[in-house]
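Next up, query25.cif (mmCIF, C-alpha atoms):
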```
data_work
loop_
_atom_site.group_PDB
_atom_site.id
_atom_site.type_symbol
_atom_site.label_atom_id
_atom_site.label_comp_id
_atom_site.auth_asym_id
_atom_site.auth_seq_id
_atom_site.Cartn_x
_atom_site.Cartn_y
_atom_site.Cartn_z
ATOM 1 C CA MET A 1 0.000 0.000 0.000
ATOM 2 C CA ALA A 2 1.197 3.499 -0.835
ATOM 3 C CA SER A 3 0.280 6.755 0.915
ATOM 4 C CA PHE A 4 0.198 10.109 -0.826
ATOM 5 C CA LYS A 5 -0.922 13.657 -0.231
ATOM 6 C CA LEU A 6 -3.265 15.010 -2.880
ATOM 7 C CA ALA A 7 -0.699 17.041 -4.828
ATOM 8 C CA ALA A 8 1.726 14.121 -5.097
ATOM 9 C CA LEU A 9 -1.080 11.762 -6.013
ATOM 10 C CA LEU A 10 -2.420 13.927 -8.826
ATOM 11 C CA HIS A 11 1.081 14.535 -10.190
ATOM 12 C CA GLY A 12 1.671 10.797 -10.248
ATOM 13 C CA LEU A 13 -1.632 10.075 -11.949
ATOM 14 C CA ALA A 14 -1.063 12.746 -14.563
ATOM 15 C CA SER A 15 2.439 11.477 -15.335
ATOM 16 C CA MET A 16 1.163 7.926 -15.721
ATOM 17 C CA GLY A 17 -1.111 8.808 -18.595
ATOM 18 C CA ALA A 18 -3.517 6.059 -19.557
ATOM 19 C CA HIS A 19 -3.671 3.418 -16.850
ATOM 20 C CA ALA A 20 -3.559 -0.151 -18.114
ATOM 21 C CA GLY A 21 -6.221 -1.231 -15.633
ATOM 22 C CA LYS A 22 -9.113 0.572 -13.997
ATOM 23 C CA SER A 23 -9.198 2.659 -10.832
ATOM 24 C CA ALA A 24 -11.763 3.648 -8.227
ATOM 25 C CA LEU A 25 -11.912 6.509 -5.763
ATOM 26 C CA VAL A 26 -13.294 5.068 -2.515
ATOM 27 C CA LEU A 27 -14.584 7.657 -0.041
ATOM 28 C CA VAL A 28 -15.157 6.054 3.354
ATOM 29 C CA ASP A 29 -17.948 7.376 5.605
ATOM 30 C CA VAL A 30 -17.688 11.080 4.811
ATOM 31 C CA GLN A 31 -20.967 11.763 6.602
ATOM 32 C CA ASP A 32 -22.615 14.335 8.848
ATOM 33 C CA CYS A 33 -22.481 11.929 11.793
ATOM 34 C CA PHE A 34 -18.671 11.994 11.755
ATOM 35 C CA LEU A 35 -18.241 15.784 11.525
ATOM 36 C CA ASP A 36 -17.759 17.762 14.741
ATOM 37 C CA ASN A 37 -18.348 21.119 13.011
ATOM 38 C CA PRO A 38 -22.079 21.974 13.142
ATOM 39 C CA ALA A 39 -21.617 24.605 10.433
ATOM 40 C CA LEU A 40 -21.131 21.818 7.906
ATOM 41 C CA THR A 41 -23.881 19.364 8.877
ATOM 42 C CA ALA A 42 -27.396 19.343 7.435
ATOM 43 C CA ASN A 43 -29.083 19.764 10.824
ATOM 44 C CA LYS A 44 -26.485 22.323 12.006
ATOM 45 C CA LYS A 45 -25.543 20.133 14.956
ATOM 46 C CA ALA A 46 -22.271 18.361 15.681
ATOM 47 C CA GLY A 47 -22.268 14.794 14.413
ATOM 48 C CA SER A 48 -23.433 11.982 16.678
ATOM 49 C CA LEU A 49 -19.871 10.607 16.613
ATOM 50 C CA GLY A 50 -18.174 13.756 15.390
ATOM 51 C CA VAL A 51 -14.425 14.024 14.872
ATOM 52 C CA ASN A 52 -12.177 16.828 13.624
ATOM 53 C CA ALA A 53 -12.627 16.102 9.932
ATOM 54 C CA SER A 54 -13.925 19.331 8.378
ATOM 55 C CA HIS A 55 -10.560 20.054 6.772
ATOM 56 C CA ILE A 56 -10.787 17.069 4.441
ATOM 57 C CA ILE A 57 -13.997 18.254 2.730
ATOM 58 C CA PRO A 58 -12.321 20.826 0.437
ATOM 59 C CA VAL A 59 -9.575 18.336 -0.370
ATOM 60 C CA ILE A 60 -12.158 15.761 -1.436
ATOM 61 C CA ASN A 61 -14.047 18.387 -3.429
ATOM 62 C CA ASN A 62 -10.789 19.232 -5.212
ATOM 63 C CA ILE A 63 -10.294 15.563 -6.054
ATOM 64 C CA ARG A 64 -13.839 15.377 -7.408
ATOM 65 C CA THR A 65 -13.068 18.102 -9.968
ATOM 66 C CA MET A 66 -10.792 15.508 -11.577
ATOM 67 C CA ASP A 67 -13.137 12.525 -11.603
ATOM 68 C CA CYS A 68 -11.917 11.686 -15.095
ATOM 69 C CA LEU A 69 -8.873 10.180 -13.380
ATOM 70 C CA PHE A 70 -11.071 7.432 -11.913
ATOM 71 C CA ASP A 71 -13.285 4.912 -13.650
ATOM 72 C CA ILE A 72 -15.801 4.846 -10.790
ATOM 73 C CA VAL A 73 -16.352 6.650 -7.488
ATOM 74 C CA VAL A 74 -17.631 4.677 -4.492
ATOM 75 C CA MET A 75 -18.966 6.226 -1.285
ATOM 76 C CA SER A 76 -19.425 4.025 1.758
ATOM 77 C CA GLN A 77 -22.142 4.986 4.232
ATOM 78 C CA ASP A 78 -22.379 3.917 7.865
ATOM 79 C CA TYR A 79 -26.142 3.349 8.118
ATOM 80 C CA HIS A 80 -27.332 1.993 11.439
ATOM 81 C CA PRO A 81 -30.826 1.087 12.589
ATOM 82 C CA ALA A 82 -31.869 2.095 16.107
ATOM 83 C CA ASN A 83 -30.725 -0.256 18.884
ATOM 84 C CA HIS A 84 -27.667 -1.293 16.883
ATOM 85 C CA ILE A 85 -25.218 -3.745 18.460
ATOM 86 C CA SER A 86 -22.447 -1.119 18.398
ATOM 87 C CA PHE A 87 -24.376 1.385 20.536
ATOM 88 C CA GLY A 88 -23.427 1.389 24.217
ATOM 89 C CA SER A 89 -27.056 2.222 25.020
ATOM 90 C CA THR A 90 -28.159 -1.107 23.515
ATOM 91 C CA HIS A 91 -26.338 -2.851 26.365
ATOM 92 C CA GLY A 92 -26.875 -0.353 29.187
ATOM 93 C CA LEU A 93 -23.281 0.807 28.819
ATOM 94 C CA ALA A 94 -21.694 4.201 28.324
ATOM 95 C CA ALA A 95 -20.240 5.101 24.956
ATOM 96 C CA PHE A 96 -16.497 4.339 24.737
ATOM 97 C CA SER A 97 -16.680 1.934 27.703
ATOM 98 C CA HIS A 98 -14.476 -0.428 25.679
ATOM 99 C CA LEU A 99 -11.631 1.989 26.449
ATOM 100 C CA GLY A 100 -11.925 1.430 30.203
ATOM 101 C CA GLY A 101 -9.380 -1.375 30.345
ATOM 102 C CA LYS A 102 -11.599 -4.418 29.799
ATOM 103 C CA GLY A 103 -11.755 -4.233 26.025
ATOM 104 C CA GLY A 104 -14.838 -4.712 23.907
ATOM 105 C CA LEU A 105 -18.056 -6.452 24.874
ATOM 106 C CA PRO A 106 -17.738 -10.238 24.323
ATOM 107 C CA ILE A 107 -20.172 -11.402 21.644
ATOM 108 C CA THR A 108 -20.922 -14.748 20.017
ATOM 109 C CA CYS A 109 -21.784 -14.822 16.322
ATOM 110 C CA ILE A 110 -23.255 -17.042 13.651
ATOM 111 C CA LYS A 111 -21.557 -17.473 10.290
ATOM 112 C CA PRO A 112 -24.233 -17.664 7.578
ATOM 113 C CA THR A 113 -23.567 -19.790 4.518
ATOM 114 C CA SER A 114 -24.563 -16.880 2.261
ATOM 115 C CA GLY A 115 -21.364 -15.036 3.226
ATOM 116 C CA SER A 116 -23.352 -11.789 3.352
ATOM 117 C CA THR A 117 -23.352 -9.273 6.190
ATOM 118 C CA ALA A 118 -27.120 -8.988 5.726
ATOM 119 C CA ASP A 119 -27.569 -12.500 7.148
ATOM 120 C CA ALA A 120 -25.101 -12.193 10.029
ATOM 121 C CA ALA A 121 -25.899 -11.874 13.725
ATOM 122 C CA CYS A 122 -24.065 -11.625 17.041
ATOM 123 C CA CYS A 123 -25.412 -11.967 20.567
ATOM 124 C CA PRO A 124 -23.879 -10.716 23.844
ATOM 125 C CA THR A 125 -22.055 -13.755 25.238
ATOM 126 C CA VAL A 126 -23.160 -12.972 28.784
ATOM 127 C CA PHE A 127 -26.790 -13.325 27.675
ATOM 128 C CA LEU A 128 -26.092 -16.785 26.256
ATOM 129 C CA ASP A 129 -24.088 -18.094 29.203
ATOM 130 C CA LYS A 130 -22.994 -15.905 32.111
ATOM 131 C CA SER A 131 -20.434 -18.502 33.182
ATOM 132 C CA LYS A 132 -18.441 -17.894 29.982
ATOM 133 C CA VAL A 133 -17.607 -14.281 30.832
ATOM 134 C CA ASP A 134 -15.558 -13.075 33.787
ATOM 135 C CA CYS A 135 -17.107 -9.643 34.181
ATOM 136 C CA SER A 136 -14.387 -8.588 36.610
ATOM 137 C CA ALA A 137 -11.904 -8.761 33.732
ATOM 138 C CA LYS A 138 -14.084 -8.338 30.637
ATOM 139 C CA LEU A 139 -16.680 -5.769 29.662
ATOM 140 C CA CYS A 140 -20.264 -6.734 30.535
ATOM 141 C CA ALA A 141 -23.617 -5.028 30.739
ATOM 142 C CA PRO A 142 -24.259 -3.636 34.238
ATOM 143 C CA ASP A 143 -25.316 -6.081 36.962
ATOM 144 C CA THR A 144 -28.721 -4.405 36.998
ATOM 145 C CA TRP A 145 -29.159 -4.939 33.250
ATOM 146 C CA ASP A 146 -31.349 -7.806 32.086
ATOM 147 C CA TYR A 147 -31.635 -8.061 28.308
ATOM 148 C CA THR A 148 -35.021 -9.793 28.513
ATOM 149 C CA VAL A 149 -36.338 -6.887 30.569
ATOM 150 C CA ASN A 150 -34.276 -3.864 29.525
ATOM 151 C CA ASN A 151 -33.871 -4.622 25.825
ATOM 152 C CA SER A 152 -35.970 -7.632 24.889
ATOM 153 C CA ALA A 153 -36.314 -6.328 21.327
ATOM 154 C CA PHE A 154 -32.610 -6.882 20.717
ATOM 155 C CA VAL A 155 -32.420 -10.491 21.908
ATOM 156 C CA ALA A 156 -35.900 -11.827 21.098
ATOM 157 C CA SER A 157 -35.519 -11.743 17.305
ATOM 158 C CA ASN A 158 -31.738 -12.110 17.223
ATOM 159 C CA PRO A 159 -30.923 -15.419 15.490
ATOM 160 C CA ALA A 160 -27.525 -15.629 17.226
ATOM 161 C CA CYS A 161 -29.216 -15.481 20.629
ATOM 162 C CA THR A 162 -31.075 -18.663 19.698
ATOM 163 C CA LYS A 163 -28.655 -20.637 17.544
ATOM 164 C CA CYS A 164 -25.566 -19.955 19.627
ATOM 165 C CA LYS A 165 -27.381 -21.154 22.722
ATOM 166 C CA THR A 166 -28.609 -24.424 21.176
ATOM 167 C CA GLU A 167 -25.663 -25.003 18.784
ATOM 168 C CA PRO A 168 -22.649 -23.253 20.370
ATOM 169 C CA ALA A 169 -20.156 -25.232 18.287
ATOM 170 C CA SER A 170 -21.517 -23.592 15.120
ATOM 171 C CA CYS A 171 -20.729 -20.083 16.385
ATOM 172 C CA PHE A 172 -17.570 -18.032 16.928
ATOM 173 C CA GLU A 173 -16.549 -15.456 19.520
ATOM 174 C CA ASP A 174 -15.658 -11.819 18.951
ATOM 175 C CA VAL A 175 -15.752 -8.486 20.794
ATOM 176 C CA GLN A 176 -17.701 -5.310 20.105
ATOM 177 C CA ALA A 177 -16.624 -1.735 20.840
ATOM 178 C CA MET A 178 -19.218 0.527 22.447
ATOM 179 C CA TRP A 179 -19.978 3.763 20.593
ATOM 180 C CA THR A 180 -22.510 6.572 20.844
ATOM 181 C CA ASP A 181 -25.828 6.122 19.059
ATOM 182 C CA HIS A 182 -24.515 7.292 15.714
ATOM 183 C CA CYS A 183 -25.195 7.438 11.976
ATOM 184 C CA GLU A 184 -28.764 6.268 12.467
ATOM 185 C CA GLN A 185 -30.869 5.708 9.380
ATOM 186 C CA THR A 186 -33.417 8.194 10.710
ATOM 187 C CA GLY A 187 -30.739 10.562 12.012
ATOM 188 C CA ASP A 188 -27.549 12.201 10.765
ATOM 189 C CA SER A 189 -26.280 9.443 8.466
ATOM 190 C CA GLY A 190 -26.473 11.629 5.346
ATOM 191 C CA PHE A 191 -23.361 12.535 3.386
ATOM 192 C CA ALA A 192 -21.343 15.605 4.286
ATOM 193 C CA PRO A 193 -21.598 18.761 2.115
ATOM 194 C CA MET A 194 -19.221 17.620 -0.573
ATOM 195 C CA THR A 195 -19.423 17.016 -4.296
ATOM 196 C CA LYS A 196 -21.775 14.147 -5.102
ATOM 197 C CA LYS A 197 -22.827 12.875 -8.511
ATOM 198 C CA ALA A 198 -25.589 10.646 -9.822
ATOM 199 C CA THR A 199 -22.978 8.156 -11.033
ATOM 200 C CA ASP A 200 -21.488 7.669 -7.556
ATOM 201 C CA ILE A 201 -21.932 4.148 -6.213
ATOM 202 C CA VAL A 202 -23.128 4.059 -2.594
ATOM 203 C CA VAL A 203 -22.257 1.043 -0.437
ATOM 204 C CA GLN A 204 -24.141 1.014 2.863
ATOM 205 C CA LYS A 205 -22.729 -0.835 5.844
ATOM 206 C CA GLY A 206 -23.806 -1.436 9.410
ATOM 207 C CA LYS A 207 -27.429 -1.827 8.266
ATOM 208 C CA ASN A 208 -27.783 -5.116 10.102
ATOM 209 C CA ILE A 209 -28.806 -4.413 13.704
ATOM 210 C CA TYR A 210 -26.945 -7.501 14.957
ATOM 211 C CA VAL A 211 -23.479 -7.007 13.421
ATOM 212 C CA ASP A 212 -21.031 -4.129 13.021
ATOM 213 C CA ALA A 213 -18.943 -3.257 9.976
ATOM 214 C CA TYR A 214 -16.129 -0.716 10.097
ATOM 215 C CA SER A 215 -14.749 -1.758 6.720
ATOM 216 C CA ALA A 216 -16.537 -0.903 3.500
ATOM 217 C CA PHE A 217 -15.730 -4.459 2.384
ATOM 218 C CA MET A 218 -16.962 -6.675 5.220
ATOM 219 C CA ASP A 219 -18.140 -7.043 8.790
ATOM 220 C CA ASN A 220 -15.771 -6.737 11.729
ATOM 221 C CA SER A 221 -15.208 -10.491 11.975
ATOM 222 C CA GLY A 222 -13.768 -10.437 8.466
ATOM 223 C CA ASN A 223 -15.998 -13.329 7.428
ATOM 224 C CA LEU A 224 -18.955 -11.666 5.715
ATOM 225 C CA LYS A 225 -18.924 -9.224 2.821
ATOM 226 C CA THR A 226 -20.789 -6.127 1.747
ATOM 227 C CA GLU A 227 -21.341 -5.700 -1.996
ATOM 228 C CA LEU A 228 -18.213 -3.543 -2.450
ATOM 229 C CA ASP A 229 -15.766 -6.234 -3.566
ATOM 230 C CA ALA A 230 -18.220 -7.692 -6.077
ATOM 231 C CA THR A 231 -18.978 -4.195 -7.409
ATOM 232 C CA LEU A 232 -15.306 -3.379 -7.907
ATOM 233 C CA GLN A 233 -14.590 -6.666 -9.638
ATOM 234 C CA LYS A 234 -17.679 -6.352 -11.837
ATOM 235 C CA ASN A 235 -16.289 -3.015 -13.026
ATOM 236 C CA GLY A 236 -12.803 -4.432 -13.625
ATOM 237 C CA ILE A 237 -11.197 -2.276 -10.930
ATOM 238 C CA ASP A 238 -7.632 -3.136 -9.933
ATOM 239 C CA THR A 239 -6.448 0.087 -8.271
ATOM 240 C CA LEU A 240 -8.035 1.876 -5.304
ATOM 241 C CA TYR A 241 -7.528 5.429 -4.065
ATOM 242 C CA ILE A 242 -8.960 5.613 -0.555
ATOM 243 C CA ALA A 243 -9.860 8.590 1.627
ATOM 244 C CA GLY A 244 -12.366 9.432 4.343
ATOM 245 C CA ILE A 245 -13.210 9.033 8.038
ATOM 246 C CA ALA A 246 -11.807 7.767 10.328
ATOM 247 C CA THR A 247 -8.184 6.979 9.496
ATOM 248 C CA ASP A 248 -7.736 4.736 12.546
ATOM 249 C CA VAL A 249 -11.053 2.876 12.267
ATOM 250 C CA CYS A 250 -13.148 2.604 9.103
ATOM 251 C CA VAL A 251 -10.460 3.777 6.665
ATOM 252 C CA LYS A 252 -7.880 1.492 8.271
ATOM 253 C CA TRP A 253 -10.182 -1.541 8.166
ATOM 254 C CA THR A 254 -11.169 -0.809 4.560
ATOM 255 C CA VAL A 255 -7.516 -0.666 3.489
ATOM 256 C CA ARG A 256 -6.769 -3.851 5.457
ATOM 257 C CA ASP A 257 -9.580 -5.738 3.749
ATOM 258 C CA ALA A 258 -8.686 -4.396 0.308
ATOM 259 C CA LEU A 259 -5.285 -6.048 0.749
ATOM 260 C CA LYS A 260 -6.679 -9.401 1.909
ATOM 261 C CA SER A 261 -6.559 -12.502 -0.245
ATOM 262 C CA SER A 262 -10.337 -12.837 0.203
ATOM 263 C CA THR A 263 -10.958 -9.680 -1.847
ATOM 264 C CA GLY A 264 -9.800 -8.729 -5.328
ATOM 265 C CA ASN A 265 -6.132 -8.244 -6.182
ATOM 266 C CA TYR A 266 -6.003 -4.489 -5.633
ATOM 267 C CA THR A 267 -3.208 -1.967 -5.619
ATOM 268 C CA VAL A 268 -4.136 0.409 -2.801
ATOM 269 C CA HIS A 269 -3.237 4.084 -2.373
ATOM 270 C CA LEU A 270 -4.227 6.144 0.687
ATOM 271 C CA ILE A 271 -4.723 9.892 0.203
ATOM 272 C CA THR A 272 -3.441 11.034 3.583
ATOM 273 C CA ASP A 273 -4.591 14.668 3.562
ATOM 274 C CA ALA A 274 -8.109 13.522 2.629
ATOM 275 C CA THR A 275 -8.425 11.335 5.718
ATOM 276 C CA ALA A 276 -9.103 12.230 9.351
ATOM 277 C CA GLY A 277 -8.676 10.154 12.508
ATOM 278 C CA LEU A 278 -10.733 9.897 15.688
ATOM 279 C CA THR A 279 -7.793 11.563 17.418
ATOM 280 C CA THR A 280 -4.618 13.300 16.292
ATOM 281 C CA GLU A 281 -2.668 10.190 17.298
ATOM 282 C CA GLY A 282 -5.095 8.035 15.362
#
```

Can you turn what I pasted into C-alpha cells?
Amino acid sequence: MASFKLAALLHGLASMGAHAGKSALVLVDVQDCFLDNPALTANKKAGSLGVNASHIIPVINNIRTMDCLFDIVVMSQDYHPANHISFGSTHGLAAFSHLGGKGGLPITCIKPTSGSTADAACCPTVFLDKSKVDCSAKLCAPDTWDYTVNNSAFVASNPACTKCKTEPASCFEDVQAMWTDHCEQTGDSGFAPMTKKATDIVVQKGKNIYVDAYSAFMDNSGNLKTELDATLQKNGIDTLYIAGIATDVCVKWTVRDALKSSTGNYTVHLITDATAGLTTEG
C-alpha cells in the first residue's frame, strides 16, 4: 500500500497517462455523523460521533473536480438502525466503555452460509451463558441490566441469541466496541456537504442491527462481505484510491480488507490529507 498527499497523487496520476487497468476513488464514511463542526452538517448540529474532519472536505471536493482520473467513485455509508449492536445504550453501557481497560463487549456470532453481512448476527455472550464471561476482567452489561427486561427487542428476534445457545459449536466469539448512538438511518447518516454525482456508487454498511462493519468491504469479523468487492470486480477495478473518516477505524479496516486474499487483487493508495482520525494520534 502506498500513501500520498493530494498534490503528489495527482502529479503521479497525470504522469502515468492512460492506466492499463481501472481505478476507483473510494470515499469512506464522509458523513454528517462523523463531523464535529455543526456549520457543515445538514441539521447544524455536531455529528453523533463527530471528529475533527472538516478540513478534508475541500480536499475531497478538489479531487472530485478531476473525476476523469477514476473509472468509478464509491462512497461508503455507515447506516445503522436504532438499537444497533455497536451502541453502548443497547447494552446499558456508556459510549467508549471499551476503552476502560476491559476491552470490547464479548459477543458470540453465527456465520451464515450466504457469506453476506445482511444475514449475520451476534449476541452478547453474557446473555447466552454468564459462566463464559468473567465480568471482573471483561466488559459486561451492568449487573442491573437484564436483556429480557431492559432490551428484549434486541435479543428476542436475534438469530444468534437462539442458535448460539442451542448449537454453540456452530458459532464463533468476537468483541464489540461501544460507541454513541450514531449514523442512524433516521438521524444524521447523510453525506457531508461535498461534491456528489448521480454516477457515484453508494455502499451502505452497518445496516444489520446484529453485526457491526467498520470496513466498506466486510463485517468486523472479516468473514462476511458487503457488496463492495463484487462491485469493484464487476467493473474491472484493480487500483483503489482511498480517503475518508476515520483513518484509525473505518479507513484502516477498509484498506486492510482491500489487501486481503479474500478480496480482489487491488493496488491500494491512501490519500493522507483527505483522511481524518478519531484523534490526532489516530

Selection under test: the PyMOL selection byres ((chain A and resi 87) around 9); residues as a ChimeraX atom specification: /A:82-86,88-91,93-95,177-182

- prompt: What does the PyMOL selection byres ((chain A and resi 107) around 10) select in this file, as a VMD selection string?
  reply: chain A and resid 85 104 to 106 108 to 109 121 to 128 133 160 to 161 172 to 176 211

Output of the above residues as a PDB file, in the coordinates of the input, restricted to C-alpha atoms:
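Printed below is result_1.pdb as written:
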```pdb
ATOM      1  CA  ILE A  85     -25.218  -3.745  18.460  1.00  0.00           C
ATOM      2  CA  GLY A 104     -14.838  -4.712  23.907  1.00  0.00           C
ATOM      3  CA  LEU A 105     -18.056  -6.452  24.874  1.00  0.00           C
ATOM      4  CA  PRO A 106     -17.738 -10.238  24.323  1.00  0.00           C
ATOM      5  CA  THR A 108     -20.922 -14.748  20.017  1.00  0.00           C
ATOM      6  CA  CYS A 109     -21.784 -14.822  16.322  1.00  0.00           C
ATOM      7  CA  ALA A 121     -25.899 -11.874  13.725  1.00  0.00           C
ATOM      8  CA  CYS A 122     -24.065 -11.625  17.041  1.00  0.00           C
ATOM      9  CA  CYS A 123     -25.412 -11.967  20.567  1.00  0.00           C
ATOM     10  CA  PRO A 124     -23.879 -10.716  23.844  1.00  0.00           C
ATOM     11  CA  THR A 125     -22.055 -13.755  25.238  1.00  0.00           C
ATOM     12  CA  VAL A 126     -23.160 -12.972  28.784  1.00  0.00           C
ATOM     13  CA  PHE A 127     -26.790 -13.325  27.675  1.00  0.00           C
ATOM     14  CA  LEU A 128     -26.092 -16.785  26.256  1.00  0.00           C
ATOM     15  CA  VAL A 133     -17.607 -14.281  30.832  1.00  0.00           C
ATOM     16  CA  ALA A 160     -27.525 -15.629  17.226  1.00  0.00           C
ATOM     17  CA  CYS A 161     -29.216 -15.481  20.629  1.00  0.00           C
ATOM     18  CA  PHE A 172     -17.570 -18.032  16.928  1.00  0.00           C
ATOM     19  CA  GLU A 173     -16.549 -15.456  19.520  1.00  0.00           C
ATOM     20  CA  ASP A 174     -15.658 -11.819  18.951  1.00  0.00           C
ATOM     21  CA  VAL A 175     -15.752  -8.486  20.794  1.00  0.00           C
ATOM     22  CA  GLN A 176     -17.701  -5.310  20.105  1.00  0.00           C
ATOM     23  CA  VAL A 211     -23.479  -7.007  13.421  1.00  0.00           C
TER      24      VAL A 211
END
```

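Here the PyMOL selection byres ((chain A and resi 101-103) around 7) matches the residues His98, Leu99, Gly100, Gly104, Leu105, Ala137, Lys138 and Leu139 of chain A.
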
Written file, previous selection with C-alpha atoms, as a PDB file, in the frame of the given file:
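Result file is out00.pdb:
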```
ATOM      1  CA  HIS A  98     -14.476  -0.428  25.679  1.00  0.00           C
ATOM      2  CA  LEU A  99     -11.631   1.989  26.449  1.00  0.00           C
ATOM      3  CA  GLY A 100     -11.925   1.430  30.203  1.00  0.00           C
ATOM      4  CA  GLY A 104     -14.838  -4.712  23.907  1.00  0.00           C
ATOM      5  CA  LEU A 105     -18.056  -6.452  24.874  1.00  0.00           C
ATOM      6  CA  ALA A 137     -11.904  -8.761  33.732  1.00  0.00           C
ATOM      7  CA  LYS A 138     -14.084  -8.338  30.637  1.00  0.00           C
ATOM      8  CA  LEU A 139     -16.680  -5.769  29.662  1.00  0.00           C
TER       9      LEU A 139
END
```

message: What's around range 22-30 of chain A at 9 Å? Count all atoms listed in the file, leave out sequence neighbours fewer than 2 positions away in its own chain, and write the answer as a PyMOL selection string.
response: chain A and resi 19-20+32-35+53+57+60+67+69-78+190-192+194+215-216+232+235-246+250-251+254+275

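Atom pair CA of Thr267 in chain A / CA of Val249 in chain A has a distance of 20.1 Å (rounded to one decimal).
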
message: So that I can see what lies close to Pro112 in chain A, please list as an MDAnalysis selection string the residues with an atom at most 12 Å from it, counting all atoms listed in the file and leaving out residues fewer than 2 positions away in the same chain.
response: chainID A and resid 109:110 114:122 159:160 163 170:172 223:225

Distance in Å - CA of Ile271 in chain A versus CA of Asn62 in chain A: 12.4 Å

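Between CA of Arg64 in chain A and CA of Asp200 in chain A lies a distance of 10.9 Å.
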
As JSON, please: the centre and edge lengths in Å, to one decimal, of an axis-aligned box enclosing every listed atom of range 144-158 of chain A with 3 Å added on each side.
```
{"center_x": -32.5, "center_y": -8.0, "center_z": 27.1, "size_x": 13.6, "size_y": 14.2, "size_z": 25.8}
```

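The smallest atom-to-atom distance between Ser48 in chain A and any of A:Thr148, A:Ser189, A:Asn61, A:Ser262, using only C-alpha atoms, is found for A:Ser189.
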
Got a minute to add N, CA and C atoms to range 236-252 of chain A and dump it as a PDB file, keeping the file's coordinate frame?
```
ATOM      1  N   GLY A 236     -14.182  -4.231 -13.186  1.00  0.00           N
ATOM      2  CA  GLY A 236     -12.803  -4.432 -13.625  1.00  0.00           C
ATOM      3  C   GLY A 236     -11.782  -3.576 -12.910  1.00  0.00           C
ATOM      4  N   ILE A 237     -12.078  -3.176 -11.682  1.00  0.00           N
ATOM      5  CA  ILE A 237     -11.197  -2.276 -10.930  1.00  0.00           C
ATOM      6  C   ILE A 237     -10.009  -3.045 -10.348  1.00  0.00           C
ATOM      7  N   ASP A 238      -8.816  -2.511 -10.522  1.00  0.00           N
ATOM      8  CA  ASP A 238      -7.632  -3.136  -9.933  1.00  0.00           C
ATOM      9  C   ASP A 238      -6.817  -2.189  -9.055  1.00  0.00           C
ATOM     10  N   THR A 239      -7.182  -0.894  -9.049  1.00  0.00           N
ATOM     11  CA  THR A 239      -6.448   0.087  -8.271  1.00  0.00           C
ATOM     12  C   THR A 239      -7.427   0.954  -7.481  1.00  0.00           C
ATOM     13  N   LEU A 240      -7.153   1.110  -6.172  1.00  0.00           N
ATOM     14  CA  LEU A 240      -8.035   1.876  -5.304  1.00  0.00           C
ATOM     15  C   LEU A 240      -7.309   3.087  -4.737  1.00  0.00           C
ATOM     16  N   TYR A 241      -7.990   4.225  -4.726  1.00  0.00           N
ATOM     17  CA  TYR A 241      -7.528   5.429  -4.065  1.00  0.00           C
ATOM     18  C   TYR A 241      -8.522   5.710  -2.944  1.00  0.00           C
ATOM     19  N   ILE A 242      -8.061   5.588  -1.703  1.00  0.00           N
ATOM     20  CA  ILE A 242      -8.960   5.613  -0.555  1.00  0.00           C
ATOM     21  C   ILE A 242      -8.761   6.855   0.288  1.00  0.00           C
ATOM     22  N   ALA A 243      -9.878   7.430   0.740  1.00  0.00           N
ATOM     23  CA  ALA A 243      -9.860   8.590   1.627  1.00  0.00           C
ATOM     24  C   ALA A 243     -11.098   8.532   2.510  1.00  0.00           C
ATOM     25  N   GLY A 244     -11.155   9.372   3.552  1.00  0.00           N
ATOM     26  CA  GLY A 244     -12.366   9.432   4.343  1.00  0.00           C
ATOM     27  C   GLY A 244     -12.146   9.462   5.842  1.00  0.00           C
ATOM     28  N   ILE A 245     -13.151   8.960   6.584  1.00  0.00           N
ATOM     29  CA  ILE A 245     -13.210   9.033   8.038  1.00  0.00           C
ATOM     30  C   ILE A 245     -13.541   7.639   8.590  1.00  0.00           C
ATOM     31  N   ALA A 246     -12.928   7.178   9.606  1.00  0.00           N
ATOM     32  CA  ALA A 246     -11.807   7.767  10.328  1.00  0.00           C
ATOM     33  C   ALA A 246     -10.556   6.939   9.997  1.00  0.00           C
ATOM     34  N   THR A 247      -9.426   7.626   9.904  1.00  0.00           N
ATOM     35  CA  THR A 247      -8.184   6.979   9.496  1.00  0.00           C
ATOM     36  C   THR A 247      -7.878   5.733  10.318  1.00  0.00           C
ATOM     37  N   ASP A 248      -8.119   5.813  11.630  1.00  0.00           N
ATOM     38  CA  ASP A 248      -7.736   4.736  12.546  1.00  0.00           C
ATOM     39  C   ASP A 248      -8.836   3.708  12.782  1.00  0.00           C
ATOM     40  N   VAL A 249      -9.974   3.859  12.105  1.00  0.00           N
ATOM     41  CA  VAL A 249     -11.053   2.876  12.267  1.00  0.00           C
ATOM     42  C   VAL A 249     -11.536   2.427  10.883  1.00  0.00           C
ATOM     43  N   CYS A 250     -12.520   3.100  10.331  1.00  0.00           N
ATOM     44  CA  CYS A 250     -13.148   2.604   9.103  1.00  0.00           C
ATOM     45  C   CYS A 250     -12.238   2.666   7.880  1.00  0.00           C
ATOM     46  N   VAL A 251     -11.415   3.704   7.782  1.00  0.00           N
ATOM     47  CA  VAL A 251     -10.460   3.777   6.665  1.00  0.00           C
ATOM     48  C   VAL A 251      -9.420   2.671   6.812  1.00  0.00           C
ATOM     49  N   LYS A 252      -8.888   2.522   8.004  1.00  0.00           N
ATOM     50  CA  LYS A 252      -7.880   1.492   8.271  1.00  0.00           C
ATOM     51  C   LYS A 252      -8.407   0.098   7.938  1.00  0.00           C
TER      52      LYS A 252
END
```
